[in-house]
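What follows is entry_3.cif (mmCIF, C-alpha atoms; chains and numbers go by the auth columns).
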```
data_protein
loop_
_atom_site.group_PDB
_atom_site.id
_atom_site.type_symbol
_atom_site.label_atom_id
_atom_site.label_comp_id
_atom_site.label_asym_id
_atom_site.label_seq_id
_atom_site.Cartn_x
_atom_site.Cartn_y
_atom_site.Cartn_z
_atom_site.B_iso_or_equiv
_atom_site.auth_seq_id
_atom_site.auth_asym_id
ATOM 1 C CA MET A 1 0.000 0.000 0.000 0.00 15 I
ATOM 2 C CA PRO A 2 1.186 3.609 -0.560 0.00 16 I
ATOM 3 C CA ASP A 3 2.250 5.740 2.381 0.00 17 I
ATOM 4 C CA LYS A 4 -0.898 7.846 1.873 0.00 18 I
ATOM 5 C CA LEU A 5 -4.240 6.227 1.280 0.00 19 I
ATOM 6 C CA VAL A 6 -7.527 7.857 0.234 0.00 20 I
ATOM 7 C CA THR A 7 -10.540 5.662 0.866 0.00 21 I
ATOM 8 C CA ARG A 8 -14.144 5.683 2.021 0.00 22 I
ATOM 9 C CA GLY A 9 -14.933 3.964 5.275 0.00 23 I
ATOM 10 C CA LEU A 10 -17.515 3.495 7.995 0.00 24 I
ATOM 11 C CA VAL A 11 -16.562 3.630 11.682 0.00 25 I
ATOM 12 C CA LEU A 12 -17.480 0.319 13.282 0.00 26 I
ATOM 13 C CA ARG A 13 -16.024 1.207 16.668 0.00 27 I
ATOM 14 C CA ALA A 14 -14.395 4.261 18.240 0.00 28 I
ATOM 15 C CA THR A 15 -12.252 3.751 21.356 0.00 29 I
ATOM 16 C CA GLU A 16 -10.988 6.662 23.426 0.00 30 I
ATOM 17 C CA THR A 17 -7.253 6.665 24.066 0.00 31 I
ATOM 18 C CA LYS A 18 -4.802 9.091 25.659 0.00 32 I
ATOM 19 C CA GLU A 19 -6.176 12.567 26.385 0.00 33 I
ATOM 20 C CA ALA A 20 -7.838 13.443 23.102 0.00 34 I
ATOM 21 C CA ASP A 21 -7.322 10.595 20.602 0.00 35 I
ATOM 22 C CA TYR A 22 -9.438 7.808 19.166 0.00 36 I
ATOM 23 C CA ILE A 23 -8.553 4.384 17.857 0.00 37 I
ATOM 24 C CA LEU A 24 -11.063 3.677 15.111 0.00 38 I
ATOM 25 C CA ASN A 25 -12.049 0.375 13.554 0.00 39 I
ATOM 26 C CA VAL A 26 -13.004 1.419 10.029 0.00 40 I
ATOM 27 C CA LEU A 27 -14.550 -0.797 7.363 0.00 41 I
ATOM 28 C CA THR A 28 -13.481 -0.010 3.782 0.00 42 I
ATOM 29 C CA ALA A 29 -14.400 -1.685 0.500 0.00 43 I
ATOM 30 C CA GLU A 30 -10.904 -2.141 -0.922 0.00 44 I
ATOM 31 C CA HIS A 31 -8.805 -2.728 2.185 0.00 45 I
ATOM 32 C CA GLY A 32 -11.185 -4.433 4.582 0.00 46 I
ATOM 33 C CA ARG A 33 -11.141 -3.447 8.218 0.00 47 I
ATOM 34 C CA LEU A 34 -8.463 -0.969 9.275 0.00 48 I
ATOM 35 C CA ALA A 35 -7.282 0.215 12.688 0.00 49 I
ATOM 36 C CA VAL A 36 -6.826 3.987 12.511 0.00 50 I
ATOM 37 C CA ILE A 37 -5.472 6.441 15.071 0.00 51 I
ATOM 38 C CA ALA A 38 -7.207 9.829 15.023 0.00 52 I
ATOM 39 C CA ARG A 39 -5.020 12.214 16.953 0.00 53 I
ATOM 40 C CA GLY A 40 -6.770 15.039 18.764 0.00 54 I
ATOM 41 C CA ALA A 41 -10.164 14.047 17.354 0.00 55 I
ATOM 42 C CA ARG A 42 -11.868 14.311 20.744 0.00 56 I
ATOM 43 C CA ARG A 43 -11.093 18.015 21.006 0.00 57 I
ATOM 44 C CA ARG A 44 -14.061 20.261 20.253 0.00 58 I
ATOM 45 C CA SER A 45 -12.008 22.218 17.769 0.00 59 I
ATOM 46 C CA SER A 46 -10.943 19.141 15.796 0.00 60 I
ATOM 47 C CA LYS A 47 -11.913 19.036 12.124 0.00 61 I
ATOM 48 C CA LEU A 48 -11.855 15.239 12.390 0.00 62 I
ATOM 49 C CA ALA A 49 -14.471 14.951 15.145 0.00 63 I
ATOM 50 C CA ALA A 50 -17.561 14.332 12.980 0.00 64 I
ATOM 51 C CA ALA A 51 -15.894 11.604 10.905 0.00 65 I
ATOM 52 C CA CYS A 52 -14.785 9.792 14.055 0.00 66 I
ATOM 53 C CA GLN A 53 -18.304 9.232 15.362 0.00 67 I
ATOM 54 C CA HIS A 54 -19.563 5.691 15.638 0.00 68 I
ATOM 55 C CA LEU A 55 -21.292 4.731 12.341 0.00 69 I
ATOM 56 C CA ALA A 56 -20.000 7.794 10.465 0.00 70 I
ATOM 57 C CA PHE A 57 -19.314 7.146 6.773 0.00 71 I
ATOM 58 C CA SER A 58 -16.637 9.413 5.336 0.00 72 I
ATOM 59 C CA GLU A 59 -13.943 9.930 2.763 0.00 73 I
ATOM 60 C CA LEU A 60 -10.687 9.506 4.647 0.00 74 I
ATOM 61 C CA VAL A 61 -7.088 10.463 3.950 0.00 75 I
ATOM 62 C CA LEU A 62 -4.800 8.140 5.891 0.00 76 I
ATOM 63 C CA TYR A 63 -1.055 7.836 6.190 0.00 77 I
ATOM 64 C CA ARG A 64 0.831 4.835 7.411 0.00 78 I
ATOM 65 C CA ARG A 65 3.616 4.838 9.944 0.00 79 I
ATOM 66 C CA GLY A 66 4.911 1.424 10.934 0.00 80 I
ATOM 67 C CA SER A 67 1.985 -0.906 11.468 0.00 81 I
ATOM 68 C CA TRP A 68 -0.544 1.877 12.165 0.00 82 I
ATOM 69 C CA TYR A 69 -2.710 4.093 10.019 0.00 83 I
ATOM 70 C CA TYR A 70 -3.269 7.688 11.096 0.00 84 I
ATOM 71 C CA LEU A 71 -6.173 9.902 10.082 0.00 85 I
ATOM 72 C CA ASP A 72 -4.942 13.018 8.288 0.00 86 I
ATOM 73 C CA GLU A 73 -8.118 14.427 6.721 0.00 87 I
ATOM 74 C CA ALA A 74 -11.783 13.461 6.633 0.00 88 I
ATOM 75 C CA SER A 75 -14.959 14.566 4.880 0.00 89 I
ATOM 76 C CA THR A 76 -18.237 13.096 6.132 0.00 90 I
ATOM 77 C CA ILE A 77 -20.649 11.578 3.620 0.00 91 I
ATOM 78 C CA ALA A 78 -23.393 10.217 5.916 0.00 92 I
ATOM 79 C CA LEU A 79 -23.905 10.389 9.670 0.00 93 I
ATOM 80 C CA PHE A 80 -27.320 8.662 9.795 0.00 94 I
ATOM 81 C CA ASP A 81 -28.731 11.273 12.164 0.00 95 I
ATOM 82 C CA GLY A 82 -32.107 9.532 12.340 0.00 96 I
ATOM 83 C CA LEU A 83 -30.502 6.558 14.067 0.00 97 I
ATOM 84 C CA ARG A 84 -28.965 8.745 16.755 0.00 98 I
ATOM 85 C CA ALA A 85 -32.387 10.085 17.705 0.00 99 I
ATOM 86 C CA ASP A 86 -33.875 6.596 18.252 0.00 100 I
ATOM 87 C CA LEU A 87 -32.249 4.392 20.892 0.00 101 I
ATOM 88 C CA GLU A 88 -33.753 1.162 19.570 0.00 102 I
ATOM 89 C CA LYS A 89 -32.569 1.831 16.026 0.00 103 I
ATOM 90 C CA LEU A 90 -29.153 2.970 17.238 0.00 104 I
ATOM 91 C CA SER A 91 -28.703 -0.193 19.297 0.00 105 I
ATOM 92 C CA LEU A 92 -29.686 -2.326 16.292 0.00 106 I
ATOM 93 C CA ALA A 93 -27.286 -0.420 14.037 0.00 107 I
ATOM 94 C CA SER A 94 -24.538 -0.997 16.605 0.00 108 I
ATOM 95 C CA TYR A 95 -25.277 -4.719 16.435 0.00 109 I
ATOM 96 C CA PHE A 96 -24.879 -4.607 12.665 0.00 110 I
ATOM 97 C CA ALA A 97 -21.503 -2.910 13.089 0.00 111 I
ATOM 98 C CA GLU A 98 -20.360 -5.463 15.660 0.00 112 I
ATOM 99 C CA MET A 99 -21.370 -8.321 13.364 0.00 113 I
ATOM 100 C CA ALA A 100 -19.548 -6.740 10.420 0.00 114 I
ATOM 101 C CA GLU A 101 -16.435 -6.376 12.551 0.00 115 I
ATOM 102 C CA ALA A 102 -16.622 -10.059 13.466 0.00 116 I
ATOM 103 C CA VAL A 103 -16.615 -11.309 9.860 0.00 117 I
ATOM 104 C CA THR A 104 -14.118 -8.919 8.245 0.00 118 I
ATOM 105 C CA SER A 105 -10.344 -8.584 8.461 0.00 119 I
ATOM 106 C CA GLU A 106 -7.536 -6.293 7.331 0.00 120 I
ATOM 107 C CA ASP A 107 -6.367 -6.428 3.699 0.00 121 I
ATOM 108 C CA LEU A 108 -9.322 -8.585 2.610 0.00 122 I
ATOM 109 C CA PRO A 109 -11.671 -6.594 0.326 0.00 123 I
ATOM 110 C CA SER A 110 -15.071 -6.140 1.951 0.00 124 I
ATOM 111 C CA GLY A 111 -17.065 -4.200 -0.608 0.00 125 I
ATOM 112 C CA GLU A 112 -20.174 -6.378 -0.420 0.00 126 I
ATOM 113 C CA VAL A 113 -20.227 -6.334 3.377 0.00 127 I
ATOM 114 C CA LEU A 114 -19.756 -2.555 3.465 0.00 128 I
ATOM 115 C CA SER A 115 -22.545 -2.101 0.908 0.00 129 I
ATOM 116 C CA LEU A 116 -24.880 -4.331 2.921 0.00 130 I
ATOM 117 C CA LEU A 117 -24.082 -2.447 6.103 0.00 131 I
ATOM 118 C CA LEU A 118 -24.621 0.969 4.523 0.00 132 I
ATOM 119 C CA ASN A 119 -27.904 -0.118 2.909 0.00 133 I
ATOM 120 C CA SER A 120 -29.126 -1.568 6.205 0.00 134 I
ATOM 121 C CA LEU A 121 -28.244 1.612 8.112 0.00 135 I
ATOM 122 C CA TYR A 122 -30.056 3.629 5.444 0.00 136 I
ATOM 123 C CA ALA A 123 -33.096 1.360 5.805 0.00 137 I
ATOM 124 C CA LEU A 124 -33.183 1.936 9.561 0.00 138 I
ATOM 125 C CA ASP A 125 -32.513 5.656 9.195 0.00 139 I
ATOM 126 C CA THR A 126 -34.851 6.533 6.339 0.00 140 I
ATOM 127 C CA LEU A 127 -37.108 3.704 5.145 0.00 141 I
ATOM 128 C CA ASP A 128 -40.264 2.739 6.967 0.00 142 I
ATOM 129 C CA ARG A 129 -39.437 -0.954 7.354 0.00 143 I
ATOM 130 C CA PRO A 130 -39.876 -2.981 10.583 0.00 144 I
ATOM 131 C CA ASN A 131 -36.658 -3.156 12.586 0.00 145 I
ATOM 132 C CA GLU A 132 -36.938 -6.916 12.985 0.00 146 I
ATOM 133 C CA LEU A 133 -37.309 -7.460 9.253 0.00 147 I
ATOM 134 C CA VAL A 134 -34.193 -5.362 8.583 0.00 148 I
ATOM 135 C CA ARG A 135 -32.338 -7.290 11.276 0.00 149 I
ATOM 136 C CA ALA A 136 -33.236 -10.701 9.846 0.00 150 I
ATOM 137 C CA ALA A 137 -32.276 -9.631 6.325 0.00 151 I
ATOM 138 C CA PHE A 138 -28.939 -8.244 7.507 0.00 152 I
ATOM 139 C CA GLU A 139 -28.046 -11.324 9.568 0.00 153 I
ATOM 140 C CA LEU A 140 -28.848 -13.824 6.837 0.00 154 I
ATOM 141 C CA ARG A 141 -27.298 -11.873 3.953 0.00 155 I
ATOM 142 C CA LEU A 142 -24.139 -11.171 5.988 0.00 156 I
ATOM 143 C CA LEU A 143 -23.723 -14.869 6.729 0.00 157 I
ATOM 144 C CA ALA A 144 -24.217 -15.723 3.060 0.00 158 I
ATOM 145 C CA LEU A 145 -21.551 -13.173 2.066 0.00 159 I
ATOM 146 C CA SER A 146 -19.175 -14.548 4.721 0.00 160 I
ATOM 147 C CA GLY A 147 -19.188 -18.157 3.525 0.00 161 I
ATOM 148 C CA TYR A 148 -22.126 -19.496 5.542 0.00 162 I
ATOM 149 C CA GLU A 149 -24.813 -19.430 2.842 0.00 163 I
ATOM 150 C CA PRO A 150 -27.628 -21.829 3.816 0.00 164 I
ATOM 151 C CA LEU A 151 -29.063 -24.424 1.440 0.00 165 I
ATOM 152 C CA LEU A 152 -32.683 -23.444 0.945 0.00 166 I
ATOM 153 C CA ASP A 153 -33.683 -24.762 -2.494 0.00 167 I
ATOM 154 C CA ASP A 154 -35.274 -27.974 -1.254 0.00 168 I
ATOM 155 C CA CYS A 155 -35.409 -30.431 1.644 0.00 169 I
ATOM 156 C CA ALA A 156 -31.852 -31.560 2.314 0.00 170 I
ATOM 157 C CA MET A 157 -33.114 -35.091 3.063 0.00 171 I
ATOM 158 C CA CYS A 158 -35.806 -35.965 0.497 0.00 172 I
ATOM 159 C CA GLY A 159 -35.171 -33.256 -2.100 0.00 173 I
ATOM 160 C CA ARG A 160 -38.714 -31.894 -2.085 0.00 174 I
ATOM 161 C CA ALA A 161 -38.807 -28.312 -3.426 0.00 175 I
ATOM 162 C CA ASP A 162 -41.712 -27.323 -1.163 0.00 176 I
ATOM 163 C CA PRO A 163 -40.815 -28.989 2.169 0.00 177 I
ATOM 164 C CA VAL A 164 -43.824 -30.182 4.178 0.00 178 I
ATOM 165 C CA GLU A 165 -44.040 -28.253 7.478 0.00 179 I
ATOM 166 C CA PRO A 166 -40.524 -26.879 6.856 0.00 180 I
ATOM 167 C CA VAL A 167 -37.963 -26.574 9.640 0.00 181 I
ATOM 168 C CA PHE A 168 -34.466 -25.122 9.593 0.00 182 I
ATOM 169 C CA ASP A 169 -31.361 -26.828 10.951 0.00 183 I
ATOM 170 C CA ALA A 170 -29.202 -23.916 12.140 0.00 184 I
ATOM 171 C CA ALA A 171 -26.110 -26.059 12.701 0.00 185 I
ATOM 172 C CA GLN A 172 -26.141 -27.588 9.211 0.00 186 I
ATOM 173 C CA GLY A 173 -27.651 -24.573 7.472 0.00 187 I
ATOM 174 C CA VAL A 174 -30.318 -26.577 5.648 0.00 188 I
ATOM 175 C CA VAL A 175 -34.096 -26.690 5.335 0.00 189 I
ATOM 176 C CA LEU A 176 -35.944 -29.953 5.952 0.00 190 I
ATOM 177 C CA CYS A 177 -39.446 -31.350 5.993 0.00 191 I
ATOM 178 C CA LYS A 178 -40.551 -31.747 9.583 0.00 192 I
ATOM 179 C CA LYS A 179 -40.834 -35.513 9.107 0.00 193 I
ATOM 180 C CA CYS A 180 -37.377 -35.704 7.498 0.00 194 I
ATOM 181 C CA ALA A 181 -35.850 -33.812 10.437 0.00 195 I
ATOM 182 C CA GLY A 182 -36.971 -36.580 12.767 0.00 196 I
ATOM 183 C CA PRO A 183 -36.487 -36.372 16.528 0.00 197 I
ATOM 184 C CA ALA A 184 -33.753 -33.749 16.159 0.00 198 I
ATOM 185 C CA GLY A 185 -36.407 -31.366 14.871 0.00 199 I
ATOM 186 C CA GLY A 186 -35.426 -27.847 13.877 0.00 200 I
ATOM 187 C CA LEU A 187 -36.613 -24.270 13.996 0.00 201 I
ATOM 188 C CA PRO A 188 -40.160 -23.982 12.605 0.00 202 I
ATOM 189 C CA LEU A 189 -40.686 -22.171 9.317 0.00 203 I
ATOM 190 C CA ASP A 190 -43.653 -21.782 6.994 0.00 204 I
ATOM 191 C CA ALA A 191 -44.001 -21.046 3.294 0.00 205 I
ATOM 192 C CA GLY A 192 -43.782 -17.278 3.821 0.00 206 I
ATOM 193 C CA ALA A 193 -40.700 -17.349 6.022 0.00 207 I
ATOM 194 C CA LEU A 194 -38.931 -19.812 3.722 0.00 208 I
ATOM 195 C CA ALA A 195 -39.705 -17.677 0.665 0.00 209 I
ATOM 196 C CA ALA A 196 -38.324 -14.653 2.498 0.00 210 I
ATOM 197 C CA MET A 197 -35.082 -16.497 3.322 0.00 211 I
ATOM 198 C CA ARG A 198 -34.660 -17.497 -0.312 0.00 212 I
ATOM 199 C CA HIS A 199 -35.229 -13.893 -1.354 0.00 213 I
ATOM 200 C CA ILE A 200 -32.707 -12.517 1.155 0.00 214 I
ATOM 201 C CA VAL A 201 -29.988 -14.897 0.024 0.00 215 I
ATOM 202 C CA GLY A 202 -30.513 -14.499 -3.714 0.00 216 I
ATOM 203 C CA ALA A 203 -31.983 -11.057 -4.400 0.00 217 I
ATOM 204 C CA PRO A 204 -29.986 -8.183 -5.931 0.00 218 I
ATOM 205 C CA SER A 205 -28.709 -5.910 -3.175 0.00 219 I
ATOM 206 C CA LYS A 206 -31.035 -3.044 -4.139 0.00 220 I
ATOM 207 C CA ARG A 207 -34.062 -5.330 -3.711 0.00 221 I
ATOM 208 C CA LEU A 208 -32.954 -7.005 -0.494 0.00 222 I
ATOM 209 C CA LEU A 209 -35.833 -5.574 1.549 0.00 223 I
ATOM 210 C CA SER A 210 -38.485 -5.664 -1.184 0.00 224 I
ATOM 211 C CA PHE A 211 -40.720 -8.148 0.581 0.00 225 I
ATOM 212 C CA THR A 212 -43.309 -8.154 3.343 0.00 226 I
ATOM 213 C CA LEU A 213 -44.294 -10.765 5.903 0.00 227 I
ATOM 214 C CA GLU A 214 -47.360 -11.211 8.040 0.00 228 I
ATOM 215 C CA PRO A 215 -47.464 -12.871 11.478 0.00 229 I
ATOM 216 C CA PRO A 216 -46.421 -15.482 12.381 0.00 230 I
ATOM 217 C CA SER A 217 -44.053 -15.732 9.386 0.00 231 I
ATOM 218 C CA ASP A 218 -42.187 -12.580 10.437 0.00 232 I
ATOM 219 C CA LYS A 219 -41.435 -13.940 13.910 0.00 233 I
ATOM 220 C CA ARG A 220 -40.315 -17.286 12.495 0.00 234 I
ATOM 221 C CA LEU A 221 -37.951 -15.563 10.079 0.00 235 I
ATOM 222 C CA SER A 222 -36.500 -13.452 12.884 0.00 236 I
ATOM 223 C CA ALA A 223 -35.949 -16.436 15.168 0.00 237 I
ATOM 224 C CA VAL A 224 -34.324 -18.548 12.450 0.00 238 I
ATOM 225 C CA CYS A 225 -31.926 -15.832 11.266 0.00 239 I
ATOM 226 C CA GLU A 226 -30.861 -14.940 14.801 0.00 240 I
ATOM 227 C CA SER A 227 -30.257 -18.574 15.707 0.00 241 I
ATOM 228 C CA PHE A 228 -28.351 -19.231 12.479 0.00 242 I
ATOM 229 C CA ALA A 229 -26.034 -16.287 13.140 0.00 243 I
ATOM 230 C CA ALA A 230 -25.406 -17.316 16.744 0.00 244 I
ATOM 231 C CA VAL A 231 -24.620 -20.926 15.836 0.00 245 I
ATOM 232 C CA GLN A 232 -22.437 -20.231 12.807 0.00 246 I
ATOM 233 C CA LEU A 233 -20.423 -17.364 14.290 0.00 247 I
ATOM 234 C CA ASP A 234 -20.256 -19.091 17.697 0.00 248 I
ATOM 235 C CA ARG A 235 -20.231 -15.933 19.755 0.00 249 I
ATOM 236 C CA ARG A 236 -22.462 -13.645 21.744 0.00 250 I
ATOM 237 C CA PHE A 237 -23.003 -10.041 20.714 0.00 251 I
ATOM 238 C CA ARG A 238 -23.412 -7.603 23.602 0.00 252 I
ATOM 239 C CA THR A 239 -25.069 -5.088 21.272 0.00 253 I
ATOM 240 C CA LEU A 240 -27.781 -7.628 20.422 0.00 254 I
ATOM 241 C CA ASP A 241 -28.418 -8.198 24.117 0.00 255 I
ATOM 242 C CA PHE A 242 -28.796 -4.451 24.603 0.00 256 I
ATOM 243 C CA TYR A 243 -31.120 -4.133 21.599 0.00 257 I
ATOM 244 C CA LYS A 244 -33.339 -6.878 23.001 0.00 258 I
ATOM 245 C CA SER A 245 -33.415 -5.175 26.403 0.00 259 I
ATOM 246 C CA ILE A 246 -34.584 -1.952 24.742 0.00 260 I
ATOM 247 C CA ARG A 247 -37.344 -3.757 22.845 0.00 261 I
ATOM 248 C CA SER A 248 -38.607 -5.474 25.989 0.00 262 I
ATOM 249 C CA THR A 249 -39.127 -2.221 27.916 0.00 263 I
#
```
Write-out of the structure in structure tokens:
Amino acid sequence: MPDKLVTRGLVLRATETKEADYILNVLTAEHGRLAVIARGARRRSSKLAAACQHLAFSELVLYRRGSWYYLDEASTIALFDGLRADLEKLSLASYFAEMAEAVTSEDLPSGEVLSLLLNSLYALDTLDRPNELVRAAFELRLLALSGYEPLLDDCAMCGRADPVEPVFDAAQGVVLCKKCAGPAGGLPLDAGALAAMRHIVGAPSKRLLSFTLEPPSDKRLSAVCESFAAVQLDRRFRTLDFYKSIRST
């Protein structure tokens, strides 16, 4: 990489350090996730302050010294102000950022993940779509982009294209007829929830959220996508716990 780098990135996490600095985890399309030091960015007079906010998307000028990147200049593109005025949406957006951080790494291009994250933040910020629908779509599409794409075309046991009383095996990432699943069972689906999963995995990115679901299909989709993410990534997300606590109040 050159000594100076101009790129666009979204702040996944901002950690305070020293008296007035930040260490930023920034997701970029070309260079993956970068650790960036923003010197003096916590000072009120800093021109870098806005671009160092959590979930800020900006054009960044970085320079490299040793193994660290340093923020030299920044111009904000989107701050998603609507999220910051709604605690539930902000907590959900923070969960998206934490998930994206978990599946990306430095020097591995992450354009599709960044695009998904930006589109999902825009959906929360601007579009009138249910939070839980956006969450399920983000979880499932992110897993598919990260090498965990589920097999949803037909029953993994008998091959039936329209599984009878479909269930989802989160560990194997497959859909089954309830009878084929046997005693092990699985997470209950229905025709609507299964169709939504197929859409999320295969739709063009601009049409990712171009579907609707009625109860109880929406709740089944939400439960399946959350469980699939937890099992495949094998970790707990504190931001998801906080989001759930906000929803329960």
Check your understanding: On this structure, which residues satisfy the PyMOL selection byres ((chain I and resi 18) around 7), written as a VMD selection string?
Key -> chain I and resid 16 to 17 19 to 20 76 to 78
Exercise for review: Just the residues within 12 Å of Ser81 (chain I), please, counting only C-alpha atoms, with nothing from its chain fewer than 2 positions along; format it as a list in words.
Suggested key: Met15, Asp17, Leu48, Ala49, Val50, Ile51, Tyr77, Arg78, Arg79, Tyr83, Tyr84 and Glu120 of chain I
Exercise for review: Kindly indicate which residue among I:Ala114, I:Ala107, I:Val148, I:Phe94 lies nearest to Glu126 (chain I), using only C-alpha atoms for the distances.
Suggested key: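 Ranked by minimum distance to Glu126 (chain I), first place goes to I:Ala114.
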Practice item. Would you work out the distance separating CA of Phe71 (chain I) from CA of Met113 (chain I), expressed in Å to one decimal? Key: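 CA of Met113 (chain I) lies at a distance of 16.9 Å from CA of Phe71 (chain I).
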Practice item. Have a look at I:Leu156, I:Asp183, I:Trp82, I:Glu115 and name the one nearest to Ser219 (chain I); count only C-alpha atoms. Key: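 Under the stated criterion, the closest residue is I:Leu156.
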Practice item. Would you translate the PyMOL selection byres ((chain I and resi 29) around 12) into the concrete set of residues it matches in this file, as a PyMOL selection string? Key: chain I and resi 25-28+30-40+49-53+55-56+66-68
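Take the candidates I:His45, I:Arg143, I:Lys193, I:Arg212 and check each one against Asp167 (chain I) using all atoms listed in the file; the shortest distance goes to I:Arg212.
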Point to revise | Output check: residues returned by the PyMOL selection byres ((chain I and resi 127) around 12), as an MDAnalysis selection string | key: chainID I and resid 23:24 41:44 46:47 110:111 113:119 122:126 128:134 152:161 219
Review point. What lies within 8 Å of region 96-100 of chain I using only C-alpha atoms, ignoring chain neighbours under 4 positions off, as a list in words?
Key: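 The filter keeps Leu104, Ala107, Leu138, Asp139 and Thr140 of chain I.
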Would you export the selected residues with C-alpha atoms as a JSON list (two decimals), keeping the file's coordinate frame, please?
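Below is the file out29.json, written as the result:
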```json
[["chain", "number", "residue", "atom", "x", "y", "z"],
["I", 104, "LEU", "CA", -29.15, 2.97, 17.24],
["I", 107, "ALA", "CA", -27.29, -0.42, 14.04],
["I", 138, "LEU", "CA", -33.18, 1.94, 9.56],
["I", 139, "ASP", "CA", -32.51, 5.66, 9.20],
["I", 140, "THR", "CA", -34.85, 6.53, 6.34]]
```
Point to revise | For Val75 (chain I), the nearest of the candidates I:Ser59, I:Thr21, I:Ser105, I:Ser259, counting all atoms listed in the file | key: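 Of all the options, I:Thr21 lies closest to Val75 (chain I).
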Point to revise | Proximity to Cys194 (chain I) - best of I:Cys169, I:Ala217, I:Leu235, I:Tyr136, all atoms listed in the file | key: I:Cys169
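The residues that lie within 6 Å of the point (-35.5, -26.2, 13.3), counting only C-alpha atoms, are I:Val181, I:Phe182, I:Asp183, I:Gly199, I:Gly200, I:Leu201, I:Pro202.
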Practice item. Would you list the contacts of Pro177 (chain I) as a list in words, taking every protein, DNA or RNA residue within 8 Å and counting all atoms listed in the file, but skipping same-chain residues closer than 6 positions in sequence? Key: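 Close residues of Pro177 (chain I): Asp168, Cys169, Val189, Leu190, Cys191 and Lys192 of chain I.
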